[in-house]
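Trainee: One structure is given below, represented as structure tokens, and several questions about it will come after.
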Amino acid sequence: MYLAANVESYFGRGFWSRWLAAVYSTWQGVPEARPTSWFRDPVTNRSVGGHPRSQHLWAGAIDFAIPYAGDHRRDPRALELAQRARREGLVPVVESDHVHIQTFPAS
Ligand SMILES: [Zn+2]
């Protein structure tokens with residue numbers, strides 16, 4: 001079980017500022033992208049069908065949707081967002097209706 005208050009002691013000092021800076025830099029390349037999900041409490045996570053150990057549970061993942069993009073897997077702005085995330089060392093997953101970006105590969 002992840003507890004947000006313990007994340008920095010677990011992953012190291014400055015984790016939150018590095019993660020936020022990487023997300024911000026990713027987002028700057030596609031400013032029309034809209035965050036649709038970040039931190040999820042367990043009840044919300046279950047209700048949206050999130051993975052039981054989703055990184056959303058401790059705010060280590062964020063979803064972006066691009067207005068009027070249609071299928072994000074074919075949208076150049078969604079693919080650009082994913083590429084920028086990868087360049088920042090993050091782990092993007094392009095879904096049909098959003099781009100999921102998490103801090104680490106799923107374990
Ligand atoms: Zn997600």
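Naming scheme: A, B, ... for chains in displayed order of the structure tokens; residues 1 onward per chain; ligands 1 onward as shown.
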Could the residues that lie within 12 Å of ligand 1, counting only C-alpha atoms and all ligand atoms, be listed as JSON, numbers by chain?
Mentor: {"A": [35, 36, 37, 38, 39, 40, 45, 48, 49, 50, 51, 53, 54, 55, 56, 57, 58, 59, 60, 61, 62, 63, 64, 65, 91, 92, 93, 94, 95, 96, 97, 98, 99, 100, 101, 102, 103, 106]}
Trainee: How would the residues just picked look written out with C-alpha atoms as a compact mmCIF listing (two decimals), in the first residue's frame?
Mentor:
```txt
# COMPACT_ATOMS: atom_id res chain seq x y z
CA PRO A 35 -5.45 16.42 -17.19
CA THR A 36 -8.40 14.12 -16.51
CA SER A 37 -7.13 11.98 -13.62
CA TRP A 38 -4.22 12.23 -11.21
CA PHE A 39 -4.54 11.11 -7.60
CA ARG A 40 -7.29 8.53 -7.06
CA ASN A 45 -9.83 3.87 -8.62
CA VAL A 48 -13.05 3.63 -13.01
CA GLY A 49 -11.63 0.12 -13.39
CA GLY A 50 -8.09 1.11 -12.38
CA HIS A 51 -5.45 -1.50 -11.70
CA ARG A 53 -1.91 -1.29 -7.63
CA SER A 54 -2.31 1.67 -10.00
CA GLN A 55 0.25 4.45 -9.58
CA HIS A 56 -2.76 6.82 -9.55
CA LEU A 57 -3.30 5.62 -5.96
CA TRP A 58 -0.35 7.70 -4.78
CA ALA A 59 -0.40 10.43 -7.47
CA GLY A 60 2.43 8.77 -9.36
CA ALA A 61 0.42 8.68 -12.59
CA ILE A 62 -1.52 11.28 -14.56
CA ASP A 63 -3.90 11.00 -17.50
CA PHE A 64 -4.22 13.58 -20.28
CA ALA A 65 -7.02 13.77 -22.82
CA VAL A 91 6.42 5.76 -18.80
CA PRO A 92 3.53 6.66 -21.13
CA VAL A 93 0.74 4.36 -22.28
CA VAL A 94 -1.42 5.67 -25.12
CA GLU A 95 -5.00 4.46 -24.71
CA SER A 96 -7.88 5.10 -27.10
CA ASP A 97 -9.26 8.07 -25.14
CA HIS A 98 -6.29 9.35 -23.12
CA VAL A 99 -2.56 9.18 -22.55
CA HIS A 100 -1.62 7.61 -19.22
CA ILE A 101 1.77 8.70 -17.92
CA GLN A 102 3.37 7.09 -14.89
CA THR A 103 6.60 7.46 -13.02
CA ALA A 106 4.49 -1.45 -13.76
```
Trainee: If you measure from CA of Asp71 in chain A to CA of Pro31 in chain A, what distance in Å do you get, rounded to one decimal?
Mentor: 18.3 Å
Trainee: For Val7 in chain A, list every protein, DNA or RNA residue within 9 Å, evaluated using only C-alpha atoms, and leave out those in the same chain fewer than 5 positions away; present the list as a ChimeraX atom specification.
Mentor: /A:2,12,15-16,58
Trainee: Per DSSP on the backbone, filter chain A down to the residues in strand (DSSP E or B) and report them as a list in words.
Mentor: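 Taking chain A and keeping strand (DSSP E or B) gives Arg34, Pro35, Thr36, Ser37, Ala61, Ile62, Asp63, Phe64, Ala65, Val91, Pro92, Val93, Val94, Val99, His100, Ile101 and Gln102 of chain A.
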Trainee: I'd like the interatomic distance between CA of Ala22 in chain A and CA of Ala78 in chain A, to a tenth of an Å.
Mentor: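 Between these atoms lies a distance of 16.4 Å.
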Trainee: Counting only C-alpha atoms, which of A:Arg34, A:Ser9, A:Arg18, A:Trp27 gets nearest to Tyr68 in chain A?
Mentor: A:Arg34
Trainee: Could you tell me how far CA of Arg87 in chain A sits from CA of Asp41 in chain A, in Å to one decimal place?
Mentor: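 We find that CA of Asp41 in chain A and CA of Arg87 in chain A lie 28.7 Å from each other.
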Trainee: Identify, on the basis of only C-alpha atoms, every residue whose closest approach to Ser25 in chain A does not exceed 10 Å; exclude the query and any residue fewer than 5 positions from it along the same chain; express the result as a PyMOL selection string.
Mentor: chain A and resi 19-20+30+81+84-85+87-88
Trainee: Could you pull out the alpha helix (DSSP H) residues of chain A from DSSP and send them as a count of residues only?
Mentor: 37
